[in-house]
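Engineer: There's a structure below that I have some questions on.
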Amino acid sequence: MYKVKVYVTLRESVLDPQGKAVMHSLHKMGQSEVEDVRIGKYLELTLQKGDYDLDEKIVAMCSKLLSNPVIEDYRYEVEEVVAQ
Amino acid sequence: MKFAVIVFPGSNCDTDMYHAVKDELGSDVEYVWHDASDLSGFDGILLPGGFSYGDYLRSGAIAQFSNVMSEVVKAAKEGKPVLGVCNGFQILLETGLLPGAMRRNESLKFICQPEELVVVNDQTLFTSQYEKGEVISVPVAHGEGNYYCDEETLKALKENNQIVFTYAKNPNGSVEDIAGIINKEGNVLGMMPHPERAVDELLGSKDGLKLFQSIVKSWRERYVAAT
């Protein structure tokens, strides 16, 4: 089995009003060193091994559904796990 | 002319849409469930507002893979009028029938109020009954209506006159005050404001009715022989 960890974030060029609001709140908390906050999503997929190209599959899933390439970037990590 | 109102789990403006078409416009209309696999009996497709699939992942993201959407794409390619309002617009963006994407409103607030819209393009099958530059009052109700596209796409939208409605006073941070855009071919319109909620003076405005009347007029001109 594969465990795939997918991180989706807003693209750098896209303003993140939610992140901004959290940053202001952190400043109010006294964390004045915080320069930027970006909020994203984290997804964990568990995949069966098979006769397929793993990267190709992940890219297809990420670009067609898990992220919206118009406003979001993604990156992922793959871990091999033993089925329970 | 027969309309389909597509109903997804979580749609909540389907009844408004149905009412606008049936009672105010006086056209044939049917609800079509999201797992339907044939839209050939319909002349116009309406994607209503709401929170399809709970807005999980992103607004409209899950809906793009529902059964009926491949039929909606087919209808769009055949040149049938397709209107997406609010969540319907978000679904059209996610499906790729229209360019761009929606972000959270700049204020992070859900905005629910009447908005003044400027009719930028009156040469579409959805807006022929309006005048270019006309200001109409149509309500908005959304948390993610902050339209975004890159510079290149924006340039193309302008060059092809694809910007159909803009906000007189931008409520959500949309690029270029965009409230509604149409595809290049001119038969798929997406807009965040709700014309179906502005079809009777009782509702505060009937400025949205002309949009539906435009669709019917265009269809009649195309398919009903002149007498």
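Chain labels A, B, ... are given in the sequence in which chains occur in the structure tokens; within each chain residues are numbered consecutively from 1, and ligands are likewise numbered from 1 in the order shown.
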Kindly determine which residues of chain B lie within 10 Å of chain A, considering only C-alpha atoms, and give the answer as a VMD selection string.

Structural biologist: chain B and resid 57 to 58 61 to 62 64 to 65 93 to 95 99 to 108 148 to 150

Engineer: What would the file look like if the residues just selected were written as an mmCIF file, in the first residue's frame with C-alpha atoms?

Structural biologist:
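Result written to again01.cif:
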```
data_model
loop_
_atom_site.group_PDB
_atom_site.id
_atom_site.type_symbol
_atom_site.label_atom_id
_atom_site.label_comp_id
_atom_site.auth_asym_id
_atom_site.auth_seq_id
_atom_site.Cartn_x
_atom_site.Cartn_y
_atom_site.Cartn_z
ATOM 1 C CA LEU B 57 -13.040 20.378 -1.025
ATOM 2 C CA ARG B 58 -13.961 23.508 -3.019
ATOM 3 C CA ALA B 61 -15.409 20.664 -7.169
ATOM 4 C CA ILE B 62 -17.264 17.441 -6.430
ATOM 5 C CA GLN B 64 -17.993 18.300 -11.789
ATOM 6 C CA PHE B 65 -17.771 14.494 -11.642
ATOM 7 C CA LEU B 93 -15.641 26.985 -13.555
ATOM 8 C CA GLU B 94 -14.600 23.695 -11.957
ATOM 9 C CA THR B 95 -15.841 21.779 -14.991
ATOM 10 C CA PRO B 99 -12.278 30.048 -17.344
ATOM 11 C CA GLY B 100 -11.084 31.187 -13.910
ATOM 12 C CA ALA B 101 -11.839 30.243 -10.312
ATOM 13 C CA MET B 102 -13.570 31.556 -7.194
ATOM 14 C CA ARG B 103 -11.845 32.672 -4.018
ATOM 15 C CA ARG B 104 -13.308 33.488 -0.625
ATOM 16 C CA ASN B 105 -14.841 36.960 -0.496
ATOM 17 C CA GLU B 106 -12.221 39.563 0.333
ATOM 18 C CA SER B 107 -14.086 40.435 3.547
ATOM 19 C CA LEU B 108 -14.311 36.718 4.471
ATOM 20 C CA TYR B 148 -10.070 35.277 -10.159
ATOM 21 C CA CYS B 149 -8.261 34.656 -13.418
ATOM 22 C CA ASP B 150 -4.736 35.352 -14.614
#
```

Engineer: Just the number, please: distance in Å from CA of Ser11 (chain B) to CA of Gly84 (chain B), one decimal.

Structural biologist: 12.1 Å

Engineer: If we count only C-alpha atoms and set the cut-off at 6 Å, which residues sit around Val6 (chain A), ignoring sequence neighbours fewer than 3 positions away in its own chain? Please answer as a list in words.

Structural biologist: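 Listed by chain and then number, they are Tyr42, Leu43, Arg75 and Tyr76 of chain A.
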
Engineer: Residues as selected, C-alpha atoms, written as a JSON list (two decimals), in the first residue's frame, can you do that?

Structural biologist:
```json
[["chain", "number", "residue", "atom", "x", "y", "z"],
["A", 42, "TYR", "CA", -3.87, 18.51, 3.82],
["A", 43, "LEU", "CA", -5.14, 15.24, 2.38],
["A", 75, "ARG", "CA", 2.95, 19.01, -3.53],
["A", 76, "TYR", "CA", 2.94, 15.48, -2.24]]
```

Engineer: Write out as a PyMOL selection string each polymer residue whose atoms come within 8 Å of Gly44 (chain B), counting only C-alpha atoms; drop sequence neighbours fewer than 5 positions from it.

Structural biologist: chain B and resi 1-4+80-82

Engineer: Quick one, how far is CA of Phe126 (chain B) from CA of Asp38 (chain B)?

Structural biologist: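 Separation of CA of Phe126 (chain B) and CA of Asp38 (chain B): 23.8 Å.
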
Engineer: Calculated over only C-alpha atoms, which of the candidates B:Ala76, B:Ala168, B:Ile111, B:Leu39 has the smallest distance to Gly143 (chain B)?

Structural biologist: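 Closest to Gly143 (chain B) of all the choices is B:Ile111.
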
Engineer: Contacts of Val34 (chain A) at 10 Å or less, counting only C-alpha atoms, minus same-chain residues fewer than 5 places along, as an NGL selection string?

Structural biologist: :A and (23-24 or 26-27)

Engineer: Between A:Ile58, A:Gly40, A:Ser25, A:Asp53, which residue has the minimum interatomic distance to Val8 (chain A), considering only C-alpha atoms?

Structural biologist: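 Looking only at the distances to Val8 (chain A), the closest residue turns out to be A:Gly40.
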
Engineer: Any idea what's packed within 7 Å of Lys3 (chain A), counting only C-alpha atoms, ignoring anything in its chain fewer than 5 positions away? Could you give it as a PyMOL selection string?

Structural biologist: chain A and resi 44-47+78-81

Engineer: Those residues you just picked out, can you put them in a file as a PDB file, in the first residue's frame with N, CA and C atoms?

Structural biologist:
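Dumped everything to out.pdb:
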```
ATOM      1  N   GLU A  44      -4.786  12.932   3.011  1.00  0.00           N
ATOM      2  CA  GLU A  44      -4.060  11.669   3.068  1.00  0.00           C
ATOM      3  C   GLU A  44      -4.797  10.628   2.248  1.00  0.00           C
ATOM      4  N   LEU A  45      -4.126  10.082   1.258  1.00  0.00           N
ATOM      5  CA  LEU A  45      -4.759   9.047   0.443  1.00  0.00           C
ATOM      6  C   LEU A  45      -4.066   7.722   0.694  1.00  0.00           C
ATOM      7  N   THR A  46      -4.823   6.658   0.767  1.00  0.00           N
ATOM      8  CA  THR A  46      -4.228   5.329   0.852  1.00  0.00           C
ATOM      9  C   THR A  46      -4.542   4.594  -0.437  1.00  0.00           C
ATOM     10  N   LEU A  47      -3.516   4.130  -1.121  1.00  0.00           N
ATOM     11  CA  LEU A  47      -3.699   3.498  -2.433  1.00  0.00           C
ATOM     12  C   LEU A  47      -3.211   2.064  -2.429  1.00  0.00           C
ATOM     13  N   VAL A  78       5.179  10.487  -0.736  1.00  0.00           N
ATOM     14  CA  VAL A  78       4.688   9.106  -0.799  1.00  0.00           C
ATOM     15  C   VAL A  78       5.417   8.256   0.246  1.00  0.00           C
ATOM     16  N   GLU A  79       4.651   7.455   0.947  1.00  0.00           N
ATOM     17  CA  GLU A  79       5.223   6.530   1.920  1.00  0.00           C
ATOM     18  C   GLU A  79       4.723   5.136   1.576  1.00  0.00           C
ATOM     19  N   GLU A  80       5.612   4.170   1.652  1.00  0.00           N
ATOM     20  CA  GLU A  80       5.123   2.808   1.444  1.00  0.00           C
ATOM     21  C   GLU A  80       4.748   2.239   2.791  1.00  0.00           C
ATOM     22  N   VAL A  81       3.553   1.677   2.870  1.00  0.00           N
ATOM     23  CA  VAL A  81       3.134   1.081   4.144  1.00  0.00           C
ATOM     24  C   VAL A  81       2.697  -0.362   3.935  1.00  0.00           C
TER      25      VAL A  81
END
```

Engineer: Just the residues within 12 Å of region 209-226 of chain B, please, counting only C-alpha atoms, with nothing from its chain fewer than 4 positions along; format it as a PyMOL selection string.

Structural biologist: chain B and resi 1-3+17-28+42-46+79-83+85+119+122-131+136-138+164-165+186-189+191+194-201+203+205
